[in-house]
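Here is the structure we will look at.
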Amino acid sequence: MDVRGKRQFRAVLRVILSFVSCVPMAHGASGPSRPRAYPGAPDQVRVFLAEAKRAEALHDPLARCLAYPDYPGNAWPKGLVVAYCHYEHDPAVTLAMVRQALDKHALIGLEARFKADLDRHFAKEDFSEIIHRDFDSFDDSQEAGQLSQQWLEQSPHSAYALTARGEYFRHRATTARGYAWASDTPSENLRLMSAFAAQAIPLFQQAIAIEPRLQEAYAGLGDVATLESDHADIARHAYEKGMAIDPGCQVLTAYYLSALSPRWGGSYPQVVVLAEKLKAHVSERPLLALNTDWPQVDLADTVSRTSYEQAVNLIRPVVLRTASADVLATAALFSDHVQTSDRWEQLMMLLEAGRFEDIGRRATLLRDRLLVSVAHEPAWAQPSLAALVRKDPNDSYARMLLATSYVEGGEPARAEEDFVKVMEDASMRHDALYDVTVAMLQAGRAAKARGYVDRFNREYPGDGPGWFLRVGVLRAQGVNADDLNAALRKFVETADRSDPKQAMEVQYAQSVLGQPEGSRRD
C-alpha cells in the first residue's frame, strides 16, 4: 500500500475498531473536534493561514490579492506586492472584448484601448505594464486563432493585430516544442515548431516596424526566435532593441534572461550580468524584482534533475527575496520530493503563489492535498478541485482528492460518485474501491459498503487491509460470528506485518480468534 493508502488505512482503523468491539460511532463523524485551528502548526503559520482564509473569501481578485498576507520573513522590495497585484488583476483585454469589437465592426475602439495601455507603459504617472496582459488571451487555442485571423484580415496594418496573430503562432510553436530537451523531442514536433515560428517571426517584425514602442512584439519575437539556433541573431537584436527603448520592462527582460541561459545556448555569466543591470531599476520598477534572481532560479531547476535537496537549498532563499509565483510554486514542488521538508512551509508558499497567478495543475493539486491532509481544510480545497474536474472529467487524481475532501469534511456520502468514477482508472481502482467502501461505512450505508467490499476482496484477495475492512462492514451489518472470524483469518493470512499498524491489528485479530500468538481482549 502506498503512503496515501497507509494514511487512509490508519484513518479508518478507529471506524473499524468501533464496529469490531461494538463501540457505537455516529454516522458521518469526522473525528474528534480540534481545540484550535491548525494543531501542530507554528504560530506564524496559524496567523498566515487565518489571514489567507479571510482574503480568500473576497470575490474581487484585486482586493483578494491586496488583502492576502505576505510570506513570513520576506525581504521583498518596497512596492513589489502592490505592483504585482495590479499587474495580474487589473482589467485587461479579453477574447470576448475582441470578438465583440469584430462583430460590431468597432475596431477603432479596440485599437484605442491597446494604444492607451501602451502609452501607460511609458508614462511617469499611472505607469503600468498591462499592455502585455492585453495579449495574454492570444494563446494557442482555436478561439484565439480564429479571432486573431479575423482581426488581422479587417486591420492588416494594425501593430496590435499583427502582434496578436504572432502571439498565437508563438504559442503554437512553443506547444509543439514542449519542454523536453531537443534530443528527447519527436522530429515531427520540431518540424511543427519550425513551421509555426516561421509564421510568427514576420508578424512581429511588421508590428515593430509600425509601432516601435510595442514591447510585447519585441518579447514575442525574441522568444520565438530563441527556439531555433538559426534565428539566434533575430532573437538577440529583438531583445537589444526592446531594451534600448525600455530597459526596465519586466516582461521583455524575463524572456531575455531565459534566452541567455545555458539551455538556450547562453551562459550563467551572461545571465548574471543582465540581472545585475536590472537591479539598478528595481526602486522605480518594482516588478523587475521578479526577474533579478533568475540565475539562481534557473540553476536550481537544472540541479533538480539530479538532486531535489540541492535544488531546494538553492531556491528557498530566493522565496524571501521575490514574490514571484513561479519561484514560490517551484520551491514547494521541489520540496515535495524531500522527505524532511516542512509541509506547513510548502502550503504557505503555494497559497502565496496562488495569490498572484494561476499556479497550474501540479501545484494546485499539491496545495489542495496539503489543505486537506495537513491543514484539515477540505472545504477550502474543494472549489479548485471541482474546477479541475470540470476542466478534465478524466483527471483521476483531482477527482480522487475531491472525493477524499468530502470524506474529510464529514460528507462521506457525497464522495461516492467521484470514487466510483475514479475506479474506471485501472491505475487507481484499488485505492478508489477501498476508499469508497470506507466512505459508505462512515455514511452509515452498510449495504452499499458490503457491495463494494465484496468486490474489493474478490479483485484483491491478497490485500490484508481489505479483509480487515470487511470485518468492519460485516459487523455494521450484524453478520454472524462465523463470517466475521473468517474475514479475520483472511486478514491474518494476508496482512503485511512489516507495517506497524497492520502488525498491531494482526495481534488483535489473533486474540479475537483465540490463536496462540495473542490473548483475547476483555
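Ordered as shown in the C-alpha cells, chains take letters A, B, and onward, while each chain numbers its residues from 1 and ligands are numbered from 1 in the order shown.
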
- Item | Every residue of stretch 260-378 of chain A that DSSP places in helix (DSSP H, G or I), as a VMD selection string | chain A and resid 262 to 264 268 to 279 286 to 290 294 to 303 308 to 319 325 to 335 343 to 356 360 to 373 378

What are the nearest atom pairs, with distances in Å to one decimal, for all residues of stretch 145-264 of chain A that come at most 12 Å from stretch 281-286 of chain A, using only C-alpha atoms, set out by chain and rising residue number as a tab-separated table?
```
residue	atom	partner	partner_atom	distance
A:Asp246	CA	A:His281	CA	10.8
A:Pro247	CA	A:His281	CA	8.3
A:Gly248	CA	A:His281	CA	6.2
A:Cys249	CA	A:Arg285	CA	8.2
A:Gln250	CA	A:Arg285	CA	8.1
A:Val251	CA	A:Arg285	CA	11.7
A:Thr253	CA	A:His281	CA	11.8
```

Expected file: the selected residues, N, CA, C and O atoms, as a PDB file, in the first residue's frame:
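Ended up saving to selection36.pdb:
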```pdb
ATOM      1  N   ASP A 246      13.155  50.511 -23.606  1.00  0.00           N
ATOM      2  CA  ASP A 246      12.759  50.493 -22.196  1.00  0.00           C
ATOM      3  C   ASP A 246      13.554  49.410 -21.469  1.00  0.00           C
ATOM      4  O   ASP A 246      13.174  48.233 -21.484  1.00  0.00           O
ATOM      5  N   PRO A 247      14.648  49.780 -20.816  1.00  0.00           N
ATOM      6  CA  PRO A 247      15.490  48.799 -20.119  1.00  0.00           C
ATOM      7  C   PRO A 247      14.856  48.245 -18.846  1.00  0.00           C
ATOM      8  O   PRO A 247      15.391  47.313 -18.256  1.00  0.00           O
ATOM      9  N   GLY A 248      13.712  48.797 -18.457  1.00  0.00           N
ATOM     10  CA  GLY A 248      13.069  48.350 -17.223  1.00  0.00           C
ATOM     11  C   GLY A 248      11.797  47.561 -17.453  1.00  0.00           C
ATOM     12  O   GLY A 248      11.006  47.381 -16.520  1.00  0.00           O
ATOM     13  N   CYS A 249      11.582  47.044 -18.658  1.00  0.00           N
ATOM     14  CA  CYS A 249      10.367  46.285 -18.949  1.00  0.00           C
ATOM     15  C   CYS A 249      10.475  44.888 -18.345  1.00  0.00           C
ATOM     16  O   CYS A 249      11.337  44.096 -18.741  1.00  0.00           O
ATOM     17  N   GLN A 250       9.612  44.578 -17.411  1.00  0.00           N
ATOM     18  CA  GLN A 250       9.695  43.300 -16.702  1.00  0.00           C
ATOM     19  C   GLN A 250       9.459  42.116 -17.633  1.00  0.00           C
ATOM     20  O   GLN A 250      10.179  41.107 -17.567  1.00  0.00           O
ATOM     21  N   VAL A 251       8.483  42.204 -18.516  1.00  0.00           N
ATOM     22  CA  VAL A 251       8.143  41.079 -19.386  1.00  0.00           C
ATOM     23  C   VAL A 251       9.265  40.822 -20.392  1.00  0.00           C
ATOM     24  O   VAL A 251       9.713  39.688 -20.575  1.00  0.00           O
ATOM     25  N   THR A 253      12.459  41.663 -20.244  1.00  0.00           N
ATOM     26  CA  THR A 253      13.695  41.199 -19.618  1.00  0.00           C
ATOM     27  C   THR A 253      13.565  39.782 -19.067  1.00  0.00           C
ATOM     28  O   THR A 253      14.563  39.051 -18.989  1.00  0.00           O
TER      29      THR A 253
END
```

- Message: Just want the 8 Å neighbourhood of A:Thr292, counted on only C-alpha atoms, with same-chain residues fewer than 5 positions away dropped. Output as a PyMOL selection string.
- Response: chain A and resi 275-276+278-279

- Query: Which neighbours of A:Ser137 fall inside 12 Å, counting only C-alpha atoms, when residues of the same chain fewer than 5 positions from it are skipped, and could you give them as a ChimeraX atom specification?
  - Reply: /A:92-99,131-132,142-145,147-148,164-165,167-168,171

- Query: Of the residues A:Leu385, A:Ala375, A:Val312, A:Tyr84, which is the one nearest to A:Ala363, using only C-alpha atoms?
  - Reply: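 Nearest candidate to A:Ala363 out of A:Leu385, A:Ala375, A:Val312, A:Tyr84: A:Leu385.
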
- Message: Applying 12 Å and only C-alpha atoms, which residues near A:Ala41 remain after dropping the ones on its own chain fewer than 5 positions away? List them as a ChimeraX atom specification.
- Response: /A:36,46-50,342-345,347-348,374-376

- Message: Counting only C-alpha atoms, which residue out of A:His89, A:Arg399, A:Arg236, A:Arg414 sits closest to A:Ala432?
- Response: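 The closest residue to A:Ala432 is A:Arg399.
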
- Message: Can you measure atom CA of A:Met428 to atom CA of A:Tyr452 for me? One decimal in Å is fine.
- Response: 15.0 Å

- Message: If we count only C-alpha atoms and set the cut-off at 6 Å, which residues sit around stretch 487-497 of chain A, ignoring sequence neighbours fewer than 3 positions away in its own chain? Please answer as number ranges by chain.
- Response: A: 462, 464, 467-468, 471, 484, 502-503, 506, 509

- Task: Write out as a PyMOL selection string which residues come within 12 Å of A:Lys115 when counting only C-alpha atoms, dropping same-chain ones fewer than 2 positions away.
- Result: chain A and resi 93+108-113+117-122+130-132+134+158-161+211+213-214

- Item | Atom-to-atom span, atom CA of A:Thr163 and atom CA of A:Leu203, Å |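 Interatomic distance, atom CA of A:Thr163 to atom CA of A:Leu203: 6.5 Å.
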
- Item | Selected residue of minimal separation from A:Leu469 among A:Ile234, A:Ala486, A:Val438, A:Leu221, counting only C-alpha atoms |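 Of A:Ile234, A:Ala486, A:Val438, A:Leu221, the one nearest A:Leu469 is A:Val438, counting only C-alpha atoms.
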
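When only C-alpha atoms are used to compute distances to A:Ala259, the closest of the residues A:Glu129, A:Asp230, A:Asp43, A:Asp223 turns out to be A:Asp223.
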
- Could you check how far atom CA of A:Leu320 sits from atom CA of A:Trp76, in Å to one decimal?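 Value for the atom CA of A:Leu320-atom CA of A:Trp76 distance: 6.6 Å.
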